[in-house]
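Visitor: Pasting structure_21.cif here (mmCIF, C-alpha atoms):
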```cif
data_target
#
loop_
_atom_site.label_atom_id
_atom_site.label_comp_id
_atom_site.auth_asym_id
_atom_site.auth_seq_id
_atom_site.Cartn_x
_atom_site.Cartn_y
_atom_site.Cartn_z
CA MET A 27 14.61 -20.09 3.73
CA ALA A 28 17.39 -20.19 1.19
CA ARG A 29 20.62 -21.84 2.21
CA SER A 30 23.27 -19.57 3.66
CA ALA A 31 25.99 -20.94 1.43
CA THR A 32 26.28 -21.74 -2.25
CA PRO A 33 27.73 -25.17 -3.14
CA SER A 34 31.13 -25.01 -4.73
CA VAL A 35 32.77 -27.29 -7.25
CA PRO A 36 36.54 -27.84 -7.03
CA ALA A 37 38.44 -27.71 -10.28
CA ARG A 38 42.04 -28.64 -11.11
CA PRO A 39 43.57 -26.61 -13.98
CA ALA A 40 46.48 -27.84 -16.05
CA ASP A 41 49.03 -26.16 -13.77
CA GLY A 42 47.96 -28.33 -10.84
CA ARG A 43 46.45 -25.58 -8.67
CA ILE A 44 43.04 -26.32 -7.13
CA THR A 45 40.41 -23.64 -7.56
CA VAL A 46 36.84 -23.46 -6.33
CA ARG A 47 34.08 -22.48 -8.71
CA PRO A 48 30.59 -21.68 -7.32
CA ALA A 49 27.86 -23.98 -8.63
CA ARG A 50 25.51 -20.99 -8.92
CA SER A 51 26.13 -17.38 -9.74
CA ALA A 52 25.57 -14.62 -7.20
CA ALA A 53 22.53 -13.46 -9.17
CA ALA A 54 20.99 -16.95 -9.08
CA SER A 55 21.60 -17.23 -5.34
CA SER A 56 20.02 -13.83 -4.78
CA ARG A 57 16.95 -14.79 -6.80
CA SER A 58 16.55 -17.99 -4.80
CA ALA A 59 16.85 -16.08 -1.53
CA LEU A 60 14.35 -13.47 -2.69
CA VAL A 61 11.80 -16.13 -3.65
CA ALA A 62 12.37 -17.93 -0.34
CA LEU A 63 11.80 -14.76 1.69
CA ILE A 64 8.57 -13.97 -0.18
CA ARG A 65 7.34 -17.56 0.15
CA ARG A 66 8.03 -17.44 3.88
CA ASP A 67 5.96 -14.27 4.30
CA LEU A 68 3.11 -15.70 2.24
CA ALA A 69 3.23 -18.95 4.24
CA VAL A 70 2.88 -16.96 7.46
CA LEU A 71 0.00 -15.05 5.85
CA GLY A 72 -1.72 -18.34 4.96
CA LYS A 73 -1.48 -19.57 8.55
CA ASN A 74 -2.99 -16.32 9.84
CA PHE A 75 -5.39 -15.65 6.95
CA GLY A 76 -8.45 -15.29 9.17
CA GLU A 77 -6.72 -12.60 11.21
CA PHE A 78 -5.59 -10.92 7.99
CA VAL A 79 -9.15 -10.82 6.58
CA GLY A 80 -10.57 -9.47 9.83
CA ARG A 81 -7.93 -6.76 10.05
CA THR A 82 -8.40 -5.86 6.40
CA LEU A 83 -12.20 -5.64 6.50
CA MET A 84 -12.77 -3.87 9.80
CA GLN A 85 -12.14 -0.23 8.85
CA PRO A 86 -13.58 -0.36 5.29
CA PHE A 87 -16.68 -2.17 6.54
CA LEU A 88 -17.26 0.38 9.29
CA LEU A 89 -16.83 3.25 6.82
CA VAL A 90 -19.39 1.99 4.33
CA PHE A 91 -21.71 0.73 7.09
CA VAL A 92 -21.86 4.13 8.80
CA PHE A 93 -21.82 6.35 5.71
CA LEU A 94 -23.88 4.25 3.31
CA TYR A 95 -26.23 2.36 5.63
CA VAL A 96 -26.65 4.06 9.01
CA PHE A 97 -26.65 7.70 7.85
CA PRO A 98 -29.12 7.24 4.97
CA THR A 99 -31.37 5.11 7.18
CA ILE A 100 -31.64 7.82 9.85
CA GLY A 101 -31.92 10.62 7.30
CA GLN A 102 -28.45 12.10 7.82
CA GLY A 103 -26.71 10.64 4.79
CA ILE A 104 -24.15 12.72 2.93
CA GLY A 105 -25.91 13.93 -0.18
CA SER A 106 -29.30 13.28 1.42
CA SER A 107 -30.54 16.72 0.29
CA GLY A 108 -30.65 15.19 -3.18
CA GLY A 109 -32.56 12.15 -1.95
CA ARG A 110 -31.45 8.65 -2.75
CA ALA A 111 -29.82 9.91 -5.96
CA GLY A 112 -27.53 12.19 -3.97
CA GLU A 113 -26.69 9.45 -1.50
CA SER A 114 -25.98 7.05 -4.37
CA ALA A 115 -23.67 9.63 -5.93
CA PHE A 116 -21.73 9.80 -2.66
CA ALA A 117 -21.60 6.00 -2.53
CA THR A 118 -20.11 5.99 -6.03
CA VAL A 119 -17.39 8.37 -4.84
CA LEU A 120 -16.77 6.54 -1.56
CA VAL A 121 -16.35 2.95 -2.77
CA PRO A 122 -13.11 3.57 -4.75
CA GLY A 123 -11.83 5.61 -1.81
CA VAL A 124 -12.48 2.73 0.58
CA VAL A 125 -10.56 0.31 -1.66
CA SER A 126 -7.70 2.82 -1.81
CA ILE A 127 -7.34 3.22 1.94
CA ALA A 128 -7.52 -0.57 2.34
CA ILE A 129 -4.48 -0.85 0.06
CA MET A 130 -2.69 1.96 1.88
CA PHE A 131 -3.34 0.56 5.35
CA GLN A 132 -2.28 -2.89 4.23
CA GLY A 133 0.98 -1.46 2.91
CA ILE A 134 1.65 0.27 6.22
CA GLN A 135 0.61 -2.66 8.39
CA SER A 136 2.40 -5.38 6.44
CA VAL A 137 5.64 -3.43 6.05
CA ALA A 138 5.95 -0.47 8.44
CA ILE A 139 4.48 -2.15 11.51
CA GLN A 140 6.20 -5.48 10.87
CA MET A 141 9.54 -3.81 10.20
CA SER A 142 9.22 -1.74 13.34
CA THR A 143 8.70 -4.95 15.30
CA GLU A 144 11.62 -6.70 13.61
CA PHE A 145 13.95 -3.78 14.31
CA GLY A 146 12.57 -3.62 17.86
CA TYR A 147 12.30 -6.28 20.51
CA THR A 148 12.12 -9.39 18.25
CA ARG A 149 15.31 -8.55 16.29
CA GLU A 150 14.03 -10.89 13.57
CA ILE A 151 15.68 -8.64 11.01
CA GLU A 152 19.04 -10.09 12.06
CA ASP A 153 17.96 -13.50 10.77
CA ARG A 154 16.61 -12.11 7.50
CA VAL A 155 19.75 -10.23 6.54
CA GLN A 156 21.77 -13.43 6.84
CA ALA A 157 20.13 -14.70 3.67
CA PRO A 158 22.65 -15.12 0.80
CA CYS A 159 21.65 -11.96 -1.01
CA PRO A 160 22.38 -8.21 -0.82
CA ILE A 161 20.83 -6.35 2.12
CA TRP A 162 18.60 -4.27 -0.12
CA LEU A 163 17.04 -7.42 -1.57
CA VAL A 164 15.73 -8.35 1.90
CA ALA A 165 13.79 -5.07 1.93
CA ILE A 166 12.55 -5.67 -1.62
CA ALA A 167 11.21 -9.06 -0.53
CA ARG A 168 9.23 -7.37 2.24
CA VAL A 169 7.85 -4.79 -0.21
CA LEU A 170 6.77 -7.44 -2.74
CA SER A 171 5.13 -9.69 -0.15
CA GLY A 172 3.34 -6.66 1.28
CA ALA A 173 2.18 -5.71 -2.22
CA ALA A 174 0.70 -9.20 -2.63
CA GLN A 175 -1.21 -8.70 0.61
CA GLY A 176 -2.42 -5.31 -0.63
CA LEU A 177 -3.70 -6.93 -3.81
CA ILE A 178 -5.59 -9.53 -1.79
CA SER A 179 -7.09 -6.82 0.42
CA ALA A 180 -8.38 -4.94 -2.64
CA VAL A 181 -10.07 -8.10 -3.92
CA ILE A 182 -11.67 -8.67 -0.52
CA VAL A 183 -12.78 -5.11 0.19
CA LEU A 184 -14.33 -4.15 -3.17
CA PRO A 185 -17.32 -6.52 -3.01
CA ILE A 186 -18.05 -5.57 0.61
CA ALA A 187 -17.86 -1.85 -0.12
CA ALA A 188 -20.07 -2.25 -3.18
CA VAL A 189 -22.95 -4.09 -1.48
CA VAL A 190 -23.18 -2.67 2.06
CA HIS A 191 -25.67 0.18 1.75
CA ALA A 192 -29.15 1.24 2.77
CA PRO A 193 -32.15 0.32 0.57
CA GLY A 194 -32.29 2.62 -2.42
CA VAL A 195 -28.62 3.60 -2.19
CA HIS A 196 -26.43 2.13 -4.91
CA ALA A 197 -22.84 2.73 -5.97
CA GLU A 198 -22.83 3.13 -9.75
CA LEU A 199 -19.77 1.09 -10.65
CA SER A 200 -18.39 0.58 -14.14
CA ILE A 201 -15.15 -1.37 -14.21
CA HIS A 202 -12.50 -0.36 -16.76
CA TRP A 203 -10.32 -3.45 -16.70
CA TRP A 204 -7.20 -2.05 -18.33
CA ILE A 205 -7.01 0.62 -15.63
CA VAL A 206 -7.75 -1.80 -12.80
CA ILE A 207 -5.21 -4.40 -13.96
CA THR A 208 -2.40 -1.86 -14.36
CA LEU A 209 -3.21 0.54 -11.54
CA ILE A 210 -3.79 -1.79 -8.58
CA PRO A 211 -0.38 -3.58 -8.73
CA LEU A 212 1.38 -0.23 -9.13
CA ALA A 213 -0.63 1.20 -6.22
CA CYS A 214 0.19 -1.79 -4.01
CA ILE A 215 3.93 -1.48 -4.63
CA THR A 216 3.79 2.29 -4.08
CA MET A 217 2.00 1.93 -0.74
CA THR A 218 4.30 -0.85 0.50
CA SER A 219 7.28 1.29 -0.55
CA LEU A 220 5.75 4.05 1.59
CA GLY A 221 5.45 1.49 4.37
CA LEU A 222 9.15 0.66 3.99
CA LEU A 223 10.04 4.33 4.26
CA LEU A 224 7.85 4.87 7.34
CA GLY A 225 8.99 1.66 9.00
CA THR A 226 12.66 2.57 8.64
CA THR A 227 12.16 6.23 9.59
CA PHE A 228 10.11 5.96 12.77
CA GLN A 229 11.52 4.25 15.84
CA PRO A 230 9.28 1.54 17.37
CA ARG A 231 8.44 3.80 20.31
CA ASN A 232 7.18 6.51 17.90
CA ILE A 233 4.71 4.43 15.87
CA GLY A 234 1.83 6.32 17.51
CA LEU A 235 3.26 9.57 16.14
CA MET A 236 3.39 8.04 12.67
CA PHE A 237 -0.35 7.37 12.72
CA GLY A 238 -1.20 10.74 14.22
CA PHE A 239 1.00 12.97 12.06
CA VAL A 240 1.31 10.97 8.82
CA VAL A 241 -1.43 8.38 8.34
CA LEU A 242 -4.45 10.42 9.46
CA PRO A 243 -3.61 13.45 7.27
CA LEU A 244 -3.07 11.09 4.34
CA VAL A 245 -6.55 9.60 4.81
CA PHE A 246 -8.51 12.83 5.31
CA LEU A 247 -6.68 14.77 2.60
CA GLY A 248 -6.36 11.85 0.20
CA GLY A 249 -9.69 12.12 -1.58
CA THR A 250 -11.28 9.17 0.20
CA TYR A 251 -14.60 10.96 0.69
CA TYR A 252 -14.52 13.44 -2.18
CA GLN A 253 -13.27 13.95 -5.71
CA TRP A 254 -10.15 15.96 -6.40
CA THR A 255 -11.97 17.82 -9.17
CA LYS A 256 -14.49 19.16 -6.64
CA LEU A 257 -11.76 20.78 -4.55
CA SER A 258 -11.65 23.63 -7.06
CA MET A 259 -14.60 25.05 -5.10
CA VAL A 260 -12.24 25.68 -2.17
CA HIS A 261 -10.31 28.79 -3.07
CA ILE A 262 -9.11 32.16 -1.84
CA GLY A 263 -9.25 34.96 -4.37
CA GLY A 264 -9.41 32.47 -7.21
CA PHE A 265 -6.41 30.48 -5.92
CA HIS A 266 -7.39 26.80 -5.53
CA TRP A 267 -5.05 26.26 -2.63
CA LEU A 268 -6.45 22.97 -1.31
CA GLN A 269 -6.58 21.32 -4.73
CA ILE A 270 -2.88 22.15 -5.11
CA LEU A 271 -1.91 21.29 -1.53
CA VAL A 272 -3.25 17.73 -1.66
CA LEU A 273 -1.01 16.94 -4.65
CA VAL A 274 1.78 16.15 -2.16
CA ASN A 275 -0.42 13.35 -0.80
CA PRO A 276 0.29 10.01 -2.51
CA LEU A 277 -3.16 8.70 -1.62
CA ILE A 278 -4.89 11.30 -3.82
CA TYR A 279 -3.42 9.72 -6.96
CA LEU A 280 -4.51 6.28 -5.83
CA THR A 281 -8.10 7.29 -5.04
CA GLU A 282 -8.46 9.26 -8.26
CA GLY A 283 -7.05 6.37 -10.26
CA MET A 284 -9.50 4.02 -8.56
CA ARG A 285 -12.38 6.30 -9.51
CA ALA A 286 -11.20 6.18 -13.09
CA GLY A 287 -11.05 2.39 -12.91
CA PHE A 288 -14.33 1.71 -11.12
CA THR A 289 -16.69 4.57 -11.99
CA GLU A 290 -17.70 7.09 -14.63
CA THR A 291 -17.34 10.07 -12.26
CA SER A 292 -14.95 12.96 -12.88
CA HIS A 293 -11.39 12.27 -11.79
CA MET A 294 -7.82 13.46 -12.09
CA PRO A 295 -6.41 12.84 -15.60
CA LEU A 296 -4.71 9.47 -15.88
CA TYR A 297 -1.70 11.04 -17.60
CA ILE A 298 -1.04 12.63 -14.19
CA VAL A 299 -2.03 9.64 -12.02
CA TYR A 300 0.31 7.05 -13.55
CA PRO A 301 3.53 9.15 -13.74
CA ALA A 302 2.90 10.49 -10.23
CA LEU A 303 2.52 6.98 -8.78
CA VAL A 304 5.64 5.76 -10.61
CA ALA A 305 7.66 8.74 -9.38
CA LEU A 306 6.41 8.39 -5.80
CA CYS A 307 7.11 4.66 -5.84
CA ALA A 308 10.70 5.28 -6.96
CA LEU A 309 11.13 8.02 -4.34
CA PHE A 310 9.69 5.99 -1.44
CA LEU A 311 11.59 2.86 -2.44
CA GLY A 312 14.90 4.67 -2.87
CA LEU A 313 14.67 6.44 0.49
CA GLY A 314 13.34 3.34 2.19
CA LEU A 315 16.21 1.17 0.94
CA ARG A 316 18.72 3.78 2.06
CA ASN A 317 17.17 3.92 5.55
CA PHE A 318 16.92 0.13 5.71
CA ARG A 319 20.61 -0.30 5.02
CA ARG A 320 21.52 2.31 7.63
CA ARG A 321 19.29 0.67 10.26
CA VAL A 322 20.69 -2.80 9.57
CA LEU A 323 24.33 -1.71 9.66
CA SER A 324 23.97 0.56 12.68
#
```
Turn this file's structure into structure tokens for me.

Guide:
Amino acid sequence: MARSATPSVPARPADGRITVRPARSAAASSRSALVALIRRDLAVLGKNFGEFVGRTLMQPFLLVFVFLYVFPTIGQGIGSSGGRAGESAFATVLVPGVVSIAIMFQGIQSVAIQMSTEFGYTREIEDRVQAPCPIWLVAIARVLSGAAQGLISAVIVLPIAAVVHAPGVHAELSIHWWIVITLIPLACITMTSLGLLLGTTFQPRNIGLMFGFVVLPLVFLGGTYYQWTKLSMVHIGGFHWLQILVLVNPLIYLTEGMRAGFTETSHMPLYIVYPALVALCALFLGLGLRNFRRRVLS
């Protein structure tokens, strides 16, 4: 952890008065504190890496195991009416969705759940905000360390999601590196910013409500199991109400961007995906920092 005080250097001007000049600027001290906070979180992650991997893999593994192995094996696979080709098409759609929800859940777990605990019975947040940096920088450190964990989870989950399937079922993946390299870091920061907002909005005793009323709707209406372009088939009198409704869901932009990065399937235009993720990241981060400051000072 960064030191709580910045060394000072006494100086004696010509008039004989003694003044004290900080050895480092406030900006330099803040940068050192930020790096120290992130390094601390990553050190804790390293000590509990096995637990992190198990937590990260459990839900994605179960999704692909049930949908891409068990269902096709027993003849109830989604897309099974089209044979193995139909099931493979569904696998191609599902794999980017699985990576997306892994990033989202990691953002919520590493930031929202941890922050709820720190604001709750452990009161660890009181130690963090004593670092020699502005209060908002403590929250930024949590967001960045959570984004690093989200990036690691994406690297871990993708190979598992791509290879766990029944015989004859294959996800047709085609990696577009420029999309992957730019989209995944942006997605990780957006989801951890969402985690910051949720963690500073919900009281520790209401975390169950957060999963029931926020997280589950995000997952099921976030394009994990289907393409946004296919939702045009759901309409009333020509009005594609569901395709429009899900645009308020941040996960839909992540899953569609992942499909653009990992497959050749139809997807939401990237000129919508990138600006939407940037705007949502700014919105979540701004509201989350405001709530964080209020919670710390209350």

Visitor: Just checking: using only C-alpha atoms, which residue out of A:Val240, A:Ala192, A:Leu71, A:Tyr279 ends up closest to Gln102 (chain A)?

Guide: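 Closest to Gln102 (chain A) of all the choices is A:Ala192.
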
Visitor: Under the PyMOL selection byres ((chain A and resi 315) around 12), which residues of this model are included? Write them out as a ChimeraX atom specification.

Guide: /A:160-169,219-227,307-314,316-322

Visitor: One number please: CA of Val70 (chain A) to CA of Val137 (chain A), in Å, one decimal.

Guide: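 It comes out at 13.9 Å.
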
Visitor: Residues at most 6 Å from Ser114 (chain A), counting all atoms listed in the file, excluding those fewer than 4 positions away in the same chain, as a compact mmCIF listing (two decimals) with C-alpha atoms, keeping the file's coordinate frame?

Guide:
```txt
# COMPACT_ATOMS: atom_id res chain seq x y z
CA ARG A 110 -31.45 8.65 -2.75
CA VAL A 195 -28.62 3.60 -2.19
CA HIS A 196 -26.43 2.13 -4.91
CA ALA A 197 -22.84 2.73 -5.97
```

Visitor: One number please: CA of Tyr251 (chain A) to CA of Phe93 (chain A), in Å, one decimal.

Guide: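 Interatomic distance, CA of Tyr251 (chain A) to CA of Phe93 (chain A): 9.9 Å.
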
Visitor: Identify, on the basis of only C-alpha atoms, every residue whose closest approach to region 285-292 of chain A does not exceed 12 Å; exclude the query and any residue fewer than 3 positions from it along the same chain; express the result as a PDB file with C-alpha atoms, keeping the file's coordinate frame.

Guide:
```
ATOM      1  CA  ALA A 115     -23.670   9.630  -5.930  1.00  0.00           C
ATOM      2  CA  PHE A 116     -21.730   9.800  -2.660  1.00  0.00           C
ATOM      3  CA  ALA A 117     -21.600   6.000  -2.530  1.00  0.00           C
ATOM      4  CA  THR A 118     -20.110   5.990  -6.030  1.00  0.00           C
ATOM      5  CA  VAL A 119     -17.390   8.370  -4.840  1.00  0.00           C
ATOM      6  CA  LEU A 120     -16.770   6.540  -1.560  1.00  0.00           C
ATOM      7  CA  VAL A 121     -16.350   2.950  -2.770  1.00  0.00           C
ATOM      8  CA  PRO A 122     -13.110   3.570  -4.750  1.00  0.00           C
ATOM      9  CA  GLY A 123     -11.830   5.610  -1.810  1.00  0.00           C
ATOM     10  CA  VAL A 124     -12.480   2.730   0.580  1.00  0.00           C
ATOM     11  CA  VAL A 125     -10.560   0.310  -1.660  1.00  0.00           C
ATOM     12  CA  SER A 126      -7.700   2.820  -1.810  1.00  0.00           C
ATOM     13  CA  LEU A 184     -14.330  -4.150  -3.170  1.00  0.00           C
ATOM     14  CA  PRO A 185     -17.320  -6.520  -3.010  1.00  0.00           C
ATOM     15  CA  ALA A 188     -20.070  -2.250  -3.180  1.00  0.00           C
ATOM     16  CA  ALA A 197     -22.840   2.730  -5.970  1.00  0.00           C
ATOM     17  CA  GLU A 198     -22.830   3.130  -9.750  1.00  0.00           C
ATOM     18  CA  LEU A 199     -19.770   1.090 -10.650  1.00  0.00           C
ATOM     19  CA  SER A 200     -18.390   0.580 -14.140  1.00  0.00           C
ATOM     20  CA  ILE A 201     -15.150  -1.370 -14.210  1.00  0.00           C
ATOM     21  CA  HIS A 202     -12.500  -0.360 -16.760  1.00  0.00           C
ATOM     22  CA  TRP A 203     -10.320  -3.450 -16.700  1.00  0.00           C
ATOM     23  CA  TRP A 204      -7.200  -2.050 -18.330  1.00  0.00           C
ATOM     24  CA  ILE A 205      -7.010   0.620 -15.630  1.00  0.00           C
ATOM     25  CA  VAL A 206      -7.750  -1.800 -12.800  1.00  0.00           C
ATOM     26  CA  ILE A 207      -5.210  -4.400 -13.960  1.00  0.00           C
ATOM     27  CA  THR A 208      -2.400  -1.860 -14.360  1.00  0.00           C
ATOM     28  CA  LEU A 209      -3.210   0.540 -11.540  1.00  0.00           C
ATOM     29  CA  ILE A 210      -3.790  -1.790  -8.580  1.00  0.00           C
ATOM     30  CA  GLY A 249      -9.690  12.120  -1.580  1.00  0.00           C
ATOM     31  CA  THR A 250     -11.280   9.170   0.200  1.00  0.00           C
ATOM     32  CA  TYR A 251     -14.600  10.960   0.690  1.00  0.00           C
ATOM     33  CA  TYR A 252     -14.520  13.440  -2.180  1.00  0.00           C
ATOM     34  CA  GLN A 253     -13.270  13.950  -5.710  1.00  0.00           C
ATOM     35  CA  TRP A 254     -10.150  15.960  -6.400  1.00  0.00           C
ATOM     36  CA  THR A 255     -11.970  17.820  -9.170  1.00  0.00           C
ATOM     37  CA  LYS A 256     -14.490  19.160  -6.640  1.00  0.00           C
ATOM     38  CA  LEU A 257     -11.760  20.780  -4.550  1.00  0.00           C
ATOM     39  CA  ILE A 278      -4.890  11.300  -3.820  1.00  0.00           C
ATOM     40  CA  TYR A 279      -3.420   9.720  -6.960  1.00  0.00           C
ATOM     41  CA  LEU A 280      -4.510   6.280  -5.830  1.00  0.00           C
ATOM     42  CA  THR A 281      -8.100   7.290  -5.040  1.00  0.00           C
ATOM     43  CA  GLU A 282      -8.460   9.260  -8.260  1.00  0.00           C
ATOM     44  CA  PRO A 295      -6.410  12.840 -15.600  1.00  0.00           C
ATOM     45  CA  LEU A 296      -4.710   9.470 -15.880  1.00  0.00           C
ATOM     46  CA  TYR A 297      -1.700  11.040 -17.600  1.00  0.00           C
ATOM     47  CA  VAL A 299      -2.030   9.640 -12.020  1.00  0.00           C
ATOM     48  CA  TYR A 300       0.310   7.050 -13.550  1.00  0.00           C
TER      49      TYR A 300
END
```

Visitor: Which residues of region 46-87 of chain A sit at most 12 Å from region 129-132 of chain A, using all atoms listed in the file? Give each one's shortest atom pair and distance in Å (one decimal place), in chain and ascending residue order, as JSON lines.

Guide:
```
{"residue": "A:Phe78", "atom": "CA", "partner": "A:Gln132", "partner_atom": "CA", "distance": 9.5}
{"residue": "A:Val79", "atom": "CA", "partner": "A:Gln132", "partner_atom": "CA", "distance": 10.8}
{"residue": "A:Gly80", "atom": "CA", "partner": "A:Gln132", "partner_atom": "CA", "distance": 12.0}
{"residue": "A:Arg81", "atom": "CA", "partner": "A:Gln132", "partner_atom": "CA", "distance": 9.0}
{"residue": "A:Thr82", "atom": "CA", "partner": "A:Gln132", "partner_atom": "CA", "distance": 7.1}
{"residue": "A:Leu83", "atom": "CA", "partner": "A:Gln132", "partner_atom": "CA", "distance": 10.5}
{"residue": "A:Met84", "atom": "CA", "partner": "A:Phe131", "partner_atom": "CA", "distance": 11.3}
{"residue": "A:Gln85", "atom": "CA", "partner": "A:Phe131", "partner_atom": "CA", "distance": 9.5}
{"residue": "A:Pro86", "atom": "CA", "partner": "A:Phe131", "partner_atom": "CA", "distance": 10.3}
```

Visitor: Looking at only C-alpha atoms, which of A:Thr218, A:Ser179, A:Gln156, A:Ser58 is the one that sits closest to Gln140 (chain A)?

Guide: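 Result for the nearest residue to Gln140 (chain A): A:Thr218.
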
Visitor: Please determine, counting only C-alpha atoms, which residue among A:Gln229, A:Gly194, A:Asn275, A:Ile127 has the shortest atom-to-atom distance to Glu144 (chain A).

Guide: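 So, comparing all the options, the nearest one is A:Gln229.
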
Visitor: Where does the PyMOL selection byres ((chain A and resi 60) around 9) land in this file, that is, which residues does it pick, as a list in words?

Guide: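 Those residues are Ala28, Ser55, Ser56, Arg57, Ser58, Ala59, Val61, Ala62, Leu63, Ile64, Arg65, Ala157, Cys159, Leu163, Val164, Ile166 and Ala167 of chain A.
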
Visitor: Figure out the distance between CA of Asp67 (chain A) and CA of Ala138 (chain A), please, to one decimal in Å.

Guide: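 Separation of CA of Ala138 (chain A) and CA of Asp67 (chain A): 14.4 Å.
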
Visitor: Run the PyMOL selection byres ((chain A and resi 173) around 6) on the file and write out the hits as an NGL selection string.

Guide: :A and (170-172 or 174-176 or 214-215 or 218)

Visitor: Need to verify the contact set: Val190 (chain A), 9 Å, only C-alpha atoms, exclusion of same-chain residues closer than 4 positions in sequence. Can you return it as a PyMOL selection string?

Guide: chain A and resi 87+90-91+94-95+185-186

Visitor: Taking all atoms of region 176-179 of chain A that the file lists and extending 6 Å past them on each side, where is the centre of the axis-aligned box and how long are its edges? Answer in Å to one decimal, as AutoDock Vina command-line options.

Guide:
```
--center_x -4.8 --center_y -7.4 --center_z -1.7 --size_x 16.7 --size_y 16.2 --size_z 16.2
```

Visitor: Show me that you can extract region 210-215 of chain A, keeping all heavy atoms, and write it as a JSON list (two decimals), in the first residue's frame.

Guide:
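File produced: selection.json:
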```json
[["chain", "number", "residue", "atom", "x", "y", "z"],
["A", 210, "ILE", "N", -12.68, -6.32, -26.11],
["A", 210, "ILE", "CA", -12.67, -6.99, -24.81],
["A", 210, "ILE", "C", -12.23, -6.06, -23.69],
["A", 210, "ILE", "O", -12.90, -6.01, -22.63],
["A", 210, "ILE", "CB", -11.81, -8.27, -24.86],
["A", 210, "ILE", "CG1", -12.51, -9.33, -25.73],
["A", 210, "ILE", "CG2", -11.58, -8.82, -23.46],
["A", 210, "ILE", "CD1", -11.79, -10.66, -25.80],
["A", 211, "PRO", "N", -11.14, -5.27, -23.82],
["A", 211, "PRO", "CA", -10.82, -4.33, -22.73],
["A", 211, "PRO", "C", -11.93, -3.33, -22.47],
["A", 211, "PRO", "O", -12.23, -3.02, -21.30],
["A", 211, "PRO", "CB", -9.54, -3.65, -23.23],
["A", 211, "PRO", "CG", -8.93, -4.62, -24.19],
["A", 211, "PRO", "CD", -10.09, -5.27, -24.87],
["A", 212, "LEU", "N", -12.54, -2.80, -23.53],
["A", 212, "LEU", "CA", -13.65, -1.86, -23.35],
["A", 212, "LEU", "C", -14.81, -2.54, -22.64],
["A", 212, "LEU", "O", -15.43, -1.95, -21.73],
["A", 212, "LEU", "CB", -14.09, -1.33, -24.72],
["A", 212, "LEU", "CG", -15.35, -0.44, -24.73],
["A", 212, "LEU", "CD1", -15.15, 0.80, -23.87],
["A", 212, "LEU", "CD2", -15.71, -0.04, -26.17],
["A", 213, "ALA", "N", -15.12, -3.78, -23.02],
["A", 213, "ALA", "CA", -16.21, -4.52, -22.39],
["A", 213, "ALA", "C", -15.92, -4.78, -20.92],
["A", 213, "ALA", "O", -16.81, -4.65, -20.07],
["A", 213, "ALA", "CB", -16.43, -5.84, -23.13],
["A", 214, "CYS", "N", -14.67, -5.12, -20.60],
["A", 214, "CYS", "CA", -14.31, -5.39, -19.21],
["A", 214, "CYS", "C", -14.49, -4.15, -18.34],
["A", 214, "CYS", "O", -15.03, -4.22, -17.22],
["A", 214, "CYS", "CB", -12.88, -5.90, -19.13],
["A", 214, "CYS", "SG", -12.62, -7.55, -19.83],
["A", 215, "ILE", "N", -14.05, -3.00, -18.83],
["A", 215, "ILE", "CA", -14.18, -1.77, -18.06],
["A", 215, "ILE", "C", -15.65, -1.37, -17.92],
["A", 215, "ILE", "O", -16.09, -0.90, -16.87],
["A", 215, "ILE", "CB", -13.36, -0.64, -18.70],
["A", 215, "ILE", "CG1", -11.87, -0.98, -18.66],
["A", 215, "ILE", "CG2", -13.61, 0.69, -18.00],
["A", 215, "ILE", "CD1", -10.98, 0.02, -19.36]]
```
